[in-house]
Amino acid sequence: MPDEDVSRRDLLKDGLRGAAILSLGGICGALLAKQGSGDPELMLDDHASVWQLDPNKCTECGKCATHCVIEPSAVKAVHSASTCGHCDLCTGYFEPDPINLDEGAENQICPTNAITRTFIEEPYYAYTIEEDNCIGCAKCVDGCESFGNGAMHLQVRHDLCIQCDSCSIAIACPTDAFSKVPASRPYMFKAEDNWLDLSGKRDKNIFEVQKEMHKVESERNKDL
Amino acid sequence: MKRFLHCLLLLSLFAGTLFAEPQDPPDLADTEYEMPFMTAPTQWSLEERQAFIDIAILALALGLSSWLMLKKRSRKGIFMLSLFSLFYFGFWRKGCVCPIGSIQNVSQGFFDPAFILPTVVIAFFFLPIIATLFFGRSYCASVCPHGAMQDLVCFKPIEVPKWLDHGLGLIGYAYLGFAVLFAATGSAYIICDYDPFIPLFRMSGSMNMLILGGVFLLIGIFIGRPYCRYFCPYGIILRTMGYISFNKVSIFKDRCIECRLCEKSCPFGCIDKSTAPEKDQASVKGKGTLVAVIAMVPLLIGLGGLIGWYTSGSLARVHATVRLADRIQLEQEVGAESLPEHEVAEAFWETGRKPEELYAAAGEVQASMTTGAIWFGIYMGVVLAIKLISLSVIRPHRDYEANRGTCFGCARCYEYCPDSPGEPEITAAAYAAIRTGGEARV
């Protein structure tokens, strides 16, 4: 009797082992097959996925600065200079009621002095964001978006982001602006002509086009 | 009137900015101005090379752990390897991507056609399972950083009563079911959200997350591996594989003398006692009990499915779209003024999306959650049924042995067993001393 009990148990065990191996192989195969067969646009066979912030959905709530698990936040403001009006009174740089239009800290909207203002020629100024100081609070974005060209916007910086499976900012974002995208296309900038992509290439931006047009015109004027 | 005055006041503050309307980018081509461009930095850990390195180290660690656990039988080796795993998978790679969390990615990858499931995640999900099927829980032994962390703080382990051990063990099954359910419906990644040790590896996080980690470490001093034993959803899968694994941890070489030294040395209560001699012929505890349990199986499964269906409405609210749709529907019924402020709802109205679209999306989530919740209920019914049946069935064995499903392969028991291979042969005098406890017992 004990022998029969043992062999029944062994049969059950071997059966379960076989079932386990088959089902593991089946699931693994199904997942790997799904990888390469998807829509090439979706790039399902990408080797990794990263978090991306859609700046068009952003409502500048300030949660990017407070909810990131690392400090300071991996989300920082970026500035699309080709969209920028280069205004003297930049509403992304100055607080709503500045005492003077100068670089005094009391006049700036940025709490960490992360934006630098440089004079070009009357009445145009250049604004650049020092990423090391930026905390991603979106105050400049709010100002630029409300009264300016909307050239300043937030982006997840992938040299800082640790790519949590469950992004704390993504959960807290009121407009669901965070999504996981293929690692080969990590950023969604507001201006597509003005960023240095992963391979170091970029399209010509509006300023470079203007320079070329000037050159062409001056060549033409020389001939006259 | 008051409101109008407030608006006027605010507008006057912004009066200066009225002159700052959006304007076209100026023509600065004749100046020395070099327009800066935005940069798109990335990091090495996202490159394919890092993924391959991680998979290779995982595979090597699993192989080494299995060898140390079964062949070399070395507690020291397991300890050293777990220190390495704690450093590399824990503090260096910040515990992400990990096999426990990969359950969520695999679940979502299965049900969501647009979800990106990288090869490294698939590898991290399957490699420890395959290793367990062949060698037992070598992943838990010294490769998992969570296990290593808890193993390190287990200073004064107490014995958990069997009934409590069985009861708490059911939490893990529920956790696994919920994790799969919420990940498959795209609602939440609860394994990541409630992981106690990741914030410690990252050395940052919200206060709640850090407190949870501290609490688990504190409990872990007295109850060995609390997360592994009662919560880890991946451990449930590994436990199932462990029960049918091809190789297992065997403590003694020739015979067990029931000295119980292994049982006392195991901090996690994974050593099964030998069954009493009078039970050698018995295969069930009571035939009546077993019949009653088997009769209850369809009832348990049906009840589970019913409870799942009944709670599917509340479960759907875990998904942010459903919560928003509920709120928008409420606003359309009673008006937003009578309700407390809701940031997400305000942002929704600002985007100009139509509520009908939102209702359609939320309706889809509810449909998939209802199906999922019913299956979850059925799954819990099956788990409970199998648990009750296994408790009613006896497998007579006269040896103390490591439980194949729950043994974590920490290799502590090997050193204590007098008949372990490599230990000196037990003499008659030594045996007499063990039996009498040095003349203290008769």
# chains A, B, ... in the order shown; residues from 1 in each chain; ligands from 1

$ residues_around --residues "range 73-82 of chain A" --least-positions-apart "2" --cutoff "9 Å" --atoms "only C-alpha atoms" --output "tab-separated table (two decimals) with all heavy atoms, in the first residue's frame"
chain	number	residue	atom	x	y	z
A	53	LEU	N	7.28	63.52	-20.26
A	53	LEU	CA	6.28	64.51	-19.87
A	53	LEU	C	5.80	65.24	-21.11
A	53	LEU	O	6.61	65.78	-21.87
A	53	LEU	CB	6.93	65.48	-18.86
A	53	LEU	CG	6.25	66.80	-18.51
A	53	LEU	CD1	4.84	66.57	-18.06
A	53	LEU	CD2	7.04	67.49	-17.43
A	64	CYS	N	5.72	68.29	-9.94
A	64	CYS	CA	6.97	67.69	-10.42
A	64	CYS	C	8.10	67.94	-9.44
A	64	CYS	O	9.00	67.11	-9.30
A	64	CYS	CB	7.34	68.27	-11.79
A	64	CYS	SG	6.33	67.65	-13.12
A	65	ALA	N	8.07	69.10	-8.78
A	65	ALA	CA	9.14	69.41	-7.84
A	65	ALA	C	8.99	68.66	-6.54
A	65	ALA	O	9.98	68.34	-5.88
A	65	ALA	CB	9.17	70.92	-7.57
A	66	THR	N	7.73	68.35	-6.13
A	66	THR	CA	7.52	67.80	-4.80
A	66	THR	C	7.38	66.28	-4.78
A	66	THR	O	7.61	65.66	-3.75
A	66	THR	CB	6.24	68.38	-4.17
A	66	THR	OG1	5.17	68.22	-5.10
A	66	THR	CG2	6.41	69.86	-3.88
A	67	HIS	N	7.00	65.66	-5.88
A	67	HIS	CA	6.66	64.23	-5.83
A	67	HIS	C	7.75	63.30	-6.33
A	67	HIS	O	7.64	62.09	-6.16
A	67	HIS	CB	5.38	63.97	-6.62
A	67	HIS	CG	4.15	64.31	-5.84
A	67	HIS	ND1	3.77	65.59	-5.59
A	67	HIS	CD2	3.24	63.52	-5.23
A	67	HIS	CE1	2.66	65.58	-4.87
A	67	HIS	NE2	2.31	64.34	-4.63
A	68	CYS	N	8.81	63.81	-6.96
A	68	CYS	CA	9.85	62.92	-7.45
A	68	CYS	C	10.53	62.25	-6.27
A	68	CYS	O	10.77	62.87	-5.23
A	68	CYS	CB	10.86	63.71	-8.27
A	68	CYS	SG	12.10	62.67	-9.07
A	69	VAL	N	10.89	60.95	-6.41
A	69	VAL	CA	11.49	60.24	-5.28
A	69	VAL	C	12.93	60.66	-5.04
A	69	VAL	O	13.49	60.37	-3.99
A	69	VAL	CB	11.42	58.71	-5.46
A	69	VAL	CG1	10.00	58.24	-5.38
A	69	VAL	CG2	12.05	58.29	-6.76
A	70	ILE	N	13.58	61.29	-6.03
A	70	ILE	CA	14.93	61.77	-5.81
A	70	ILE	C	14.90	63.28	-5.61
A	70	ILE	O	13.97	63.95	-6.06
A	70	ILE	CB	15.90	61.38	-6.95
A	70	ILE	CG1	15.43	61.97	-8.28
A	70	ILE	CG2	16.03	59.89	-7.07
A	70	ILE	CD1	16.39	61.69	-9.41
A	71	GLU	N	15.91	63.77	-4.91
A	71	GLU	CA	15.97	65.21	-4.68
A	71	GLU	C	17.27	65.77	-5.18
A	71	GLU	O	18.32	65.24	-4.85
A	71	GLU	CB	15.85	65.50	-3.18
A	71	GLU	CG	14.43	65.49	-2.69
A	71	GLU	CD	14.38	65.74	-1.20
A	71	GLU	OE1	15.06	66.67	-0.75
A	71	GLU	OE2	13.68	65.00	-0.51
A	84	CYS	N	11.21	81.65	-28.38
A	84	CYS	CA	11.22	82.72	-27.39
A	84	CYS	C	11.12	84.10	-28.06
A	84	CYS	O	11.74	84.33	-29.10
A	84	CYS	CB	12.51	82.63	-26.57
A	84	CYS	SG	12.67	83.89	-25.32
A	85	GLY	N	10.35	85.01	-27.43
A	85	GLY	CA	10.24	86.36	-27.97
A	85	GLY	C	11.41	87.25	-27.58
A	85	GLY	O	11.54	88.36	-28.08
A	86	HIS	N	12.27	86.76	-26.68
A	86	HIS	CA	13.44	87.52	-26.21
A	86	HIS	C	13.03	88.89	-25.67
A	86	HIS	O	13.70	89.90	-25.88
A	86	HIS	CB	14.48	87.69	-27.34
A	86	HIS	CG	15.12	86.39	-27.72
A	86	HIS	ND1	14.49	85.46	-28.51
A	86	HIS	CD2	16.33	85.86	-27.41
A	86	HIS	CE1	15.28	84.41	-28.66
A	86	HIS	NE2	16.40	84.62	-28.01
A	126	ALA	N	18.46	87.63	-23.92
A	126	ALA	CA	18.50	86.17	-24.02
A	126	ALA	C	18.30	85.58	-22.62
A	126	ALA	O	18.81	86.10	-21.64
A	126	ALA	CB	19.83	85.71	-24.59
A	127	TYR	N	17.54	84.50	-22.55
A	127	TYR	CA	17.29	83.84	-21.27
A	127	TYR	C	17.75	82.39	-21.36
A	127	TYR	O	17.40	81.68	-22.30
A	127	TYR	CB	15.80	83.90	-20.92
A	127	TYR	CG	15.31	85.31	-20.76
A	127	TYR	CD1	14.77	86.02	-21.83
A	127	TYR	CD2	15.41	85.94	-19.52
A	127	TYR	CE1	14.35	87.33	-21.67
A	127	TYR	CE2	14.98	87.24	-19.36
A	127	TYR	CZ	14.45	87.94	-20.44
A	127	TYR	OH	14.05	89.23	-20.28
A	128	THR	N	18.56	81.96	-20.40
A	128	THR	CA	18.98	80.56	-20.38
A	128	THR	C	18.74	79.98	-18.99
A	128	THR	O	18.82	80.69	-17.99
A	128	THR	CB	20.48	80.39	-20.70
A	128	THR	OG1	21.21	81.32	-19.92
A	128	THR	CG2	20.76	80.64	-22.16
A	129	ILE	N	18.44	78.70	-18.95
A	129	ILE	CA	18.12	78.03	-17.69
A	129	ILE	C	19.33	77.23	-17.23
A	129	ILE	O	19.85	76.40	-17.98
A	129	ILE	CB	16.89	77.11	-17.86
A	129	ILE	CG1	15.67	77.95	-18.23
A	129	ILE	CG2	16.63	76.31	-16.59
A	129	ILE	CD1	14.44	77.15	-18.51
A	131	GLU	N	20.44	74.32	-15.41
A	131	GLU	CA	19.74	73.12	-14.92
A	131	GLU	C	20.17	72.69	-13.54
A	131	GLU	O	19.38	72.12	-12.80
A	131	GLU	CB	19.94	71.98	-15.91
A	131	GLU	CG	19.03	72.11	-17.09
A	131	GLU	CD	18.86	70.81	-17.85
A	131	GLU	OE1	19.19	69.75	-17.29
A	131	GLU	OE2	18.39	70.89	-18.98
A	134	CYS	N	17.84	74.39	-11.18
A	134	CYS	CA	16.40	74.27	-11.39
A	134	CYS	C	15.83	73.14	-10.55
A	134	CYS	O	16.42	72.05	-10.46
A	134	CYS	CB	16.12	74.02	-12.87
A	134	CYS	SG	14.38	73.79	-13.25
A	135	ILE	N	14.67	73.39	-9.91
A	135	ILE	CA	14.03	72.35	-9.12
A	135	ILE	C	12.74	71.84	-9.76
A	135	ILE	O	12.06	71.00	-9.21
A	135	ILE	CB	13.72	72.84	-7.68
A	135	ILE	CG1	12.81	74.07	-7.73
A	135	ILE	CG2	14.99	73.10	-6.91
A	135	ILE	CD1	12.27	74.46	-6.36
A	136	GLY	N	12.40	72.38	-10.94
A	136	GLY	CA	11.22	71.89	-11.64
A	136	GLY	C	9.91	72.36	-11.04
A	136	GLY	O	8.90	71.67	-11.14
A	137	CYS	N	9.88	73.56	-10.44
A	137	CYS	CA	8.66	74.03	-9.78
A	137	CYS	C	7.64	74.59	-10.75
A	137	CYS	O	6.50	74.83	-10.38
A	137	CYS	CB	9.00	75.08	-8.73
A	137	CYS	SG	9.60	76.61	-9.43
A	138	ALA	N	8.04	74.89	-12.00
A	138	ALA	CA	7.14	75.33	-13.08
A	138	ALA	C	6.63	76.76	-12.91
A	138	ALA	O	5.68	77.14	-13.58
A	138	ALA	CB	5.96	74.37	-13.26
A	140	CYS	N	8.27	79.49	-13.76
A	140	CYS	CA	8.64	80.20	-14.99
A	140	CYS	C	7.77	79.72	-16.14
A	140	CYS	O	7.35	80.51	-16.98
A	140	CYS	CB	10.12	79.97	-15.31
A	140	CYS	SG	10.58	78.24	-15.54
A	141	VAL	N	7.46	78.43	-16.14
A	141	VAL	CA	6.61	77.87	-17.19
A	141	VAL	C	5.23	78.52	-17.15
A	141	VAL	O	4.66	78.89	-18.17
A	141	VAL	CB	6.49	76.34	-17.02
A	141	VAL	CG1	5.61	75.74	-18.09
A	141	VAL	CG2	7.85	75.69	-17.03
A	150	GLY	N	5.25	80.77	-24.42
A	150	GLY	CA	5.22	79.38	-23.99
A	150	GLY	C	6.47	78.63	-24.39
A	150	GLY	O	6.42	77.44	-24.67
A	151	ALA	N	7.62	79.34	-24.43
A	151	ALA	CA	8.86	78.68	-24.84
A	151	ALA	C	9.47	77.87	-23.71
A	151	ALA	O	10.19	76.91	-23.94
A	151	ALA	CB	9.87	79.72	-25.32
A	152	MET	N	9.18	78.26	-22.47
A	152	MET	CA	9.71	77.50	-21.33
A	152	MET	C	8.74	76.37	-21.01
A	152	MET	O	7.52	76.58	-20.94
A	152	MET	CB	9.86	78.41	-20.11
A	152	MET	CG	10.97	79.43	-20.25
A	152	MET	SD	11.08	80.45	-18.79
A	152	MET	CE	12.40	81.54	-19.26
A	153	HIS	N	9.29	75.18	-20.83
A	153	HIS	CA	8.43	74.05	-20.47
A	153	HIS	C	9.24	73.03	-19.68
A	153	HIS	O	10.47	73.12	-19.62
A	153	HIS	CB	7.82	73.40	-21.72
A	153	HIS	CG	8.83	73.04	-22.79
A	153	HIS	ND1	9.51	73.97	-23.54
A	153	HIS	CD2	9.24	71.83	-23.23
A	153	HIS	CE1	10.31	73.35	-24.39
A	153	HIS	NE2	10.17	72.06	-24.23
A	154	LEU	N	8.55	72.08	-19.04
A	154	LEU	CA	9.20	71.08	-18.21
A	154	LEU	C	9.48	69.82	-19.02
A	154	LEU	O	8.71	69.46	-19.91
A	154	LEU	CB	8.32	70.71	-17.01
A	154	LEU	CG	8.08	71.78	-15.96
A	154	LEU	CD1	7.18	71.22	-14.87
A	154	LEU	CD2	9.39	72.25	-15.34
A	155	GLN	N	10.58	69.17	-18.70
A	155	GLN	CA	10.88	67.87	-19.29
A	155	GLN	C	11.57	66.99	-18.25
A	155	GLN	O	12.29	67.48	-17.39
A	155	GLN	CB	11.81	68.02	-20.50
A	155	GLN	CG	11.11	68.49	-21.77
A	155	GLN	CD	10.21	67.40	-22.35
A	155	GLN	OE1	10.68	66.48	-22.98
A	155	GLN	NE2	8.92	67.51	-22.12
A	156	VAL	N	11.35	65.68	-18.37
A	156	VAL	CA	12.07	64.72	-17.53
A	156	VAL	C	13.49	64.61	-18.06
A	156	VAL	O	13.69	64.38	-19.26
A	156	VAL	CB	11.41	63.33	-17.58
A	156	VAL	CG1	12.18	62.34	-16.74
A	156	VAL	CG2	9.96	63.40	-17.14
A	157	ARG	N	14.49	64.79	-17.21
A	157	ARG	CA	15.89	64.70	-17.65
A	157	ARG	C	16.41	63.30	-17.39
A	157	ARG	O	16.46	62.82	-16.26
A	157	ARG	CB	16.75	65.72	-16.90
A	157	ARG	CG	16.25	67.14	-17.04
A	157	ARG	CD	15.99	67.55	-18.48
A	157	ARG	NE	17.11	68.25	-19.10
A	157	ARG	CZ	17.23	68.46	-20.42
A	157	ARG	NH1	16.33	68.00	-21.24
A	157	ARG	NH2	18.25	69.12	-20.90
A	158	HIS	N	16.78	62.62	-18.46
A	158	HIS	CA	17.07	61.19	-18.34
A	158	HIS	C	18.47	60.87	-17.87
A	158	HIS	O	18.81	59.70	-17.72
A	158	HIS	CB	16.76	60.49	-19.66
A	158	HIS	CG	15.29	60.50	-19.94
A	158	HIS	ND1	14.40	59.81	-19.16
A	158	HIS	CD2	14.56	61.16	-20.86
A	158	HIS	CE1	13.17	60.03	-19.60
A	158	HIS	NE2	13.24	60.85	-20.63
A	159	ASP	N	19.29	61.92	-17.61
A	159	ASP	CA	20.55	61.62	-16.93
A	159	ASP	C	20.33	61.61	-15.42
A	159	ASP	O	21.22	61.24	-14.67
A	159	ASP	CB	21.63	62.65	-17.31
A	159	ASP	CG	21.15	64.08	-17.08
A	159	ASP	OD1	19.94	64.30	-17.00
A	159	ASP	OD2	22.01	64.98	-16.99
A	160	LEU	N	19.14	62.02	-14.97
A	160	LEU	CA	18.82	62.05	-13.55
A	160	LEU	C	17.74	61.05	-13.18
A	160	LEU	O	17.77	60.44	-12.12
A	160	LEU	CB	18.33	63.45	-13.14
A	160	LEU	CG	19.29	64.60	-13.40
A	160	LEU	CD1	18.57	65.92	-13.26
A	160	LEU	CD2	20.46	64.54	-12.43
A	161	CYS	N	16.76	60.87	-14.07
A	161	CYS	CA	15.60	60.02	-13.76
A	161	CYS	C	16.05	58.58	-13.59
A	161	CYS	O	16.86	58.06	-14.38
A	161	CYS	CB	14.58	60.13	-14.89
A	161	CYS	SG	13.16	59.07	-14.68
A	162	ILE	N	15.56	57.91	-12.53
A	162	ILE	CA	15.95	56.52	-12.31
A	162	ILE	C	14.91	55.55	-12.87
A	162	ILE	O	14.99	54.34	-12.63
A	162	ILE	CB	16.19	56.23	-10.81
A	162	ILE	CG1	14.99	56.60	-9.97
A	162	ILE	CG2	17.42	56.97	-10.33
A	162	ILE	CD1	15.18	56.27	-8.50
A	189	PHE	N	9.95	67.83	-26.81
A	189	PHE	CA	10.15	69.26	-26.67
A	189	PHE	C	9.06	70.02	-27.39
A	189	PHE	O	8.42	69.51	-28.31
A	189	PHE	CB	11.51	69.66	-27.24
A	189	PHE	CG	12.68	69.13	-26.47
A	189	PHE	CD1	13.54	68.22	-27.05
A	189	PHE	CD2	12.93	69.53	-25.17
A	189	PHE	CE1	14.63	67.73	-26.35
A	189	PHE	CE2	14.01	69.05	-24.47
A	189	PHE	CZ	14.87	68.14	-25.06
A	190	LYS	N	8.87	71.27	-26.97
A	190	LYS	CA	7.84	72.07	-27.63
A	190	LYS	C	8.26	72.51	-29.02
A	190	LYS	O	7.41	72.74	-29.87
A	190	LYS	CB	7.51	73.29	-26.77
A	190	LYS	CG	6.38	73.04	-25.80
A	190	LYS	CD	5.93	74.32	-25.15
A	190	LYS	CE	4.62	74.09	-24.42
A	190	LYS	NZ	4.19	75.29	-23.71
A	191	ALA	N	9.55	72.68	-29.25
A	191	ALA	CA	10.00	73.05	-30.59
A	191	ALA	C	10.87	71.93	-31.12
A	191	ALA	O	11.86	71.55	-30.52
A	191	ALA	CB	10.79	74.35	-30.54
A	193	ASP	N	12.69	71.85	-33.78
A	193	ASP	CA	13.84	72.20	-34.62
A	193	ASP	C	15.04	72.64	-33.80
A	193	ASP	O	16.04	73.06	-34.35
A	193	ASP	CB	13.44	73.34	-35.56
A	193	ASP	CG	13.15	74.62	-34.79
A	193	ASP	OD1	12.94	74.55	-33.56
A	193	ASP	OD2	13.14	75.70	-35.39
A	194	ASN	N	14.93	72.55	-32.51
A	194	ASN	CA	15.89	73.29	-31.72
A	194	ASN	C	16.52	72.46	-30.60
A	194	ASN	O	16.86	72.96	-29.57
A	194	ASN	CB	15.18	74.52	-31.11
A	194	ASN	CG	16.16	75.42	-30.43
A	194	ASN	OD1	17.30	75.49	-30.81
A	194	ASN	ND2	15.69	76.08	-29.39
A	195	TRP	N	16.63	71.16	-30.82
A	195	TRP	CA	17.30	70.41	-29.78
A	195	TRP	C	18.32	69.45	-30.37
A	195	TRP	O	18.17	68.97	-31.47
A	195	TRP	CB	16.30	69.68	-28.89
A	195	TRP	CG	15.40	68.72	-29.59
A	195	TRP	CD1	14.30	69.02	-30.32
A	195	TRP	CD2	15.52	67.31	-29.61
A	195	TRP	NE1	13.72	67.88	-30.80
A	195	TRP	CE2	14.44	66.81	-30.38
A	195	TRP	CE3	16.42	66.40	-29.06
A	195	TRP	CZ2	14.25	65.45	-30.60
A	195	TRP	CZ3	16.23	65.05	-29.28
A	195	TRP	CH2	15.15	64.59	-30.05
A	205	ASN	N	17.37	75.59	-37.01
A	205	ASN	CA	16.34	76.33	-36.30
A	205	ASN	C	16.13	77.68	-36.99
A	205	ASN	O	16.84	78.05	-37.92
A	205	ASN	CB	16.69	76.50	-34.82
A	205	ASN	CG	17.97	77.28	-34.64
A	205	ASN	OD1	18.17	78.33	-35.25
A	205	ASN	ND2	18.84	76.76	-33.80
A	206	ILE	N	15.13	78.41	-36.50
A	206	ILE	CA	14.72	79.63	-37.19
A	206	ILE	C	15.84	80.65	-37.25
A	206	ILE	O	15.99	81.37	-38.25
A	206	ILE	CB	13.45	80.21	-36.52
A	206	ILE	CG1	12.96	81.44	-37.26
A	206	ILE	CG2	13.72	80.54	-35.07
A	206	ILE	CD1	11.61	81.92	-36.82
A	207	PHE	N	16.68	80.72	-36.24
A	207	PHE	CA	17.76	81.71	-36.25
A	207	PHE	C	18.78	81.39	-37.33
A	207	PHE	O	19.32	82.29	-37.98
A	207	PHE	CB	18.45	81.76	-34.87
A	207	PHE	CG	17.71	82.61	-33.88
A	207	PHE	CD1	16.33	82.66	-33.88
A	207	PHE	CD2	18.39	83.37	-32.96
A	207	PHE	CE1	15.64	83.43	-32.97
A	207	PHE	CE2	17.71	84.15	-32.05
A	207	PHE	CZ	16.34	84.19	-32.05
B	25	PRO	N	9.62	85.41	-32.60
B	25	PRO	CA	11.06	85.45	-32.32
B	25	PRO	C	11.72	86.51	-33.20
B	25	PRO	O	11.47	86.57	-34.40
B	25	PRO	CB	11.54	84.05	-32.71
B	25	PRO	CG	10.33	83.21	-32.67
B	25	PRO	CD	9.18	84.09	-33.00
B	35	MET	N	22.31	81.41	-30.65
B	35	MET	CA	21.17	80.88	-29.94
B	35	MET	C	21.46	79.51	-29.34
B	35	MET	O	21.92	78.62	-30.05
B	35	MET	CB	19.96	80.78	-30.85
B	35	MET	CG	18.71	80.54	-30.06
B	35	MET	SD	17.29	80.35	-31.08
B	35	MET	CE	17.78	78.90	-31.94
B	36	PRO	N	21.20	79.33	-28.04
B	36	PRO	CA	21.44	78.01	-27.43
B	36	PRO	C	20.38	77.00	-27.85
B	36	PRO	O	19.26	77.38	-28.18
B	36	PRO	CB	21.36	78.29	-25.93
B	36	PRO	CG	20.46	79.47	-25.82
B	36	PRO	CD	20.65	80.28	-27.06
B	37	PHE	N	20.76	75.75	-27.87
B	37	PHE	CA	19.77	74.73	-28.18
B	37	PHE	C	19.52	73.86	-26.95
B	37	PHE	O	20.32	73.83	-26.03
B	37	PHE	CB	20.21	73.87	-29.35
B	37	PHE	CG	21.65	73.48	-29.30
B	37	PHE	CD1	22.09	72.45	-28.47
B	37	PHE	CD2	22.59	74.15	-30.07
B	37	PHE	CE1	23.43	72.11	-28.42
B	37	PHE	CE2	23.92	73.80	-30.03
B	37	PHE	CZ	24.34	72.78	-29.20
B	38	MET	N	18.38	73.20	-26.94
B	38	MET	CA	18.05	72.33	-25.82
B	38	MET	C	18.80	71.01	-25.97
B	38	MET	O	19.01	70.53	-27.09
B	38	MET	CB	16.55	72.06	-25.79
B	38	MET	CG	15.74	73.33	-25.55
B	38	MET	SD	13.98	73.02	-25.52
B	38	MET	CE	13.64	72.82	-27.25
B	39	THR	N	19.23	70.42	-24.87
B	39	THR	CA	19.96	69.15	-24.93
B	39	THR	C	19.04	68.00	-24.53
B	39	THR	O	18.03	68.19	-23.87
B	39	THR	CB	21.16	69.16	-23.98
B	39	THR	OG1	20.69	69.46	-22.66
B	39	THR	CG2	22.17	70.21	-24.40

$ interface_residues --of "chain B" --to "chain A" --cutoff "6 Å" --atoms "only C-alpha atoms" --output "PyMOL selection string"
chain B and resi 14+21-25+29+37-43+116+118+189+204-205+244+344

$ atom_distance --atom1 "CA of Met369 in chain B" --atom2 "CA of Asp326 in chain B"
15.3 Å

$ select_by_dssp --residues "range 159-298 of chain B" --states "alpha helix (DSSP H)" --output "ChimeraX atom specification"
/B:162-184,190-193,198-202,207-222,226-230,233-243,261-265,287-298

$ residues_around --residues "Arg202 in chain B" --least-positions-apart "6" --cutoff "10 Å" --atoms "only C-alpha atoms" --output "list in words"
Val69, Ile70 and Ile162 of chain A; Gly90, Phe91, Trp92, Arg93, Lys94, Gly95 and Cys96 of chain B

$ atom_distance --atom1 "CA of Gly372 in chain B" --atom2 "CA of Gly235 in chain B"
21.8 Å

$ decode --residues "range 206-252 of chain B" --atoms "C-alpha atoms" --output "mmCIF file, in the first residue's frame"
data_model
loop_
_atom_site.group_PDB
_atom_site.id
_atom_site.type_symbol
_atom_site.label_atom_id
_atom_site.label_comp_id
_atom_site.auth_asym_id
_atom_site.auth_seq_id
_atom_site.Cartn_x
_atom_site.Cartn_y
_atom_site.Cartn_z
ATOM 1 C CA SER B 206 8.310 59.989 0.869
ATOM 2 C CA MET B 207 8.142 59.765 4.655
ATOM 3 C CA ASN B 208 5.488 57.035 4.477
ATOM 4 C CA MET B 209 7.640 54.833 2.241
ATOM 5 C CA LEU B 210 10.699 55.215 4.475
ATOM 6 C CA ILE B 211 8.695 54.468 7.635
ATOM 7 C CA LEU B 212 7.287 51.309 6.043
ATOM 8 C CA GLY B 213 10.830 50.159 5.254
ATOM 9 C CA GLY B 214 11.954 50.877 8.802
ATOM 10 C CA VAL B 215 8.991 48.981 10.265
ATOM 11 C CA PHE B 216 9.719 45.920 8.124
ATOM 12 C CA LEU B 217 13.384 45.940 9.176
ATOM 13 C CA LEU B 218 12.377 46.269 12.832
ATOM 14 C CA ILE B 219 9.908 43.382 12.580
ATOM 15 C CA GLY B 220 12.543 41.430 10.646
ATOM 16 C CA ILE B 221 14.768 41.372 13.715
ATOM 17 C CA PHE B 222 12.254 39.146 15.501
ATOM 18 C CA ILE B 223 10.291 37.482 12.726
ATOM 19 C CA GLY B 224 12.741 36.251 10.095
ATOM 20 C CA ARG B 225 12.088 37.453 6.533
ATOM 21 C CA PRO B 226 8.583 38.852 7.153
ATOM 22 C CA TYR B 227 8.192 40.194 3.613
ATOM 23 C CA CYS B 228 9.418 36.985 2.007
ATOM 24 C CA ARG B 229 7.208 34.712 4.094
ATOM 25 C CA TYR B 230 3.932 36.596 4.177
ATOM 26 C CA PHE B 231 3.854 39.271 1.480
ATOM 27 C CA CYS B 232 6.154 38.660 -1.473
ATOM 28 C CA PRO B 233 3.984 37.917 -4.521
ATOM 29 C CA TYR B 234 6.904 36.501 -6.491
ATOM 30 C CA GLY B 235 7.601 34.178 -3.566
ATOM 31 C CA ILE B 236 4.185 32.614 -4.134
ATOM 32 C CA ILE B 237 5.218 31.674 -7.678
ATOM 33 C CA LEU B 238 8.586 30.375 -6.461
ATOM 34 C CA ARG B 239 6.917 28.415 -3.664
ATOM 35 C CA THR B 240 4.701 26.658 -6.201
ATOM 36 C CA MET B 241 7.741 25.847 -8.346
ATOM 37 C CA GLY B 242 9.654 24.731 -5.253
ATOM 38 C CA TYR B 243 7.049 22.075 -4.421
ATOM 39 C CA ILE B 244 7.702 20.390 -7.781
ATOM 40 C CA SER B 245 11.391 21.202 -8.173
ATOM 41 C CA PHE B 246 13.729 18.558 -9.550
ATOM 42 C CA ASN B 247 16.315 19.019 -6.794
ATOM 43 C CA LYS B 248 15.780 20.011 -3.207
ATOM 44 C CA VAL B 249 17.584 20.897 -0.008
ATOM 45 C CA SER B 250 18.308 17.654 1.846
ATOM 46 C CA ILE B 251 19.684 18.180 5.312
ATOM 47 C CA PHE B 252 20.942 14.753 6.403
#
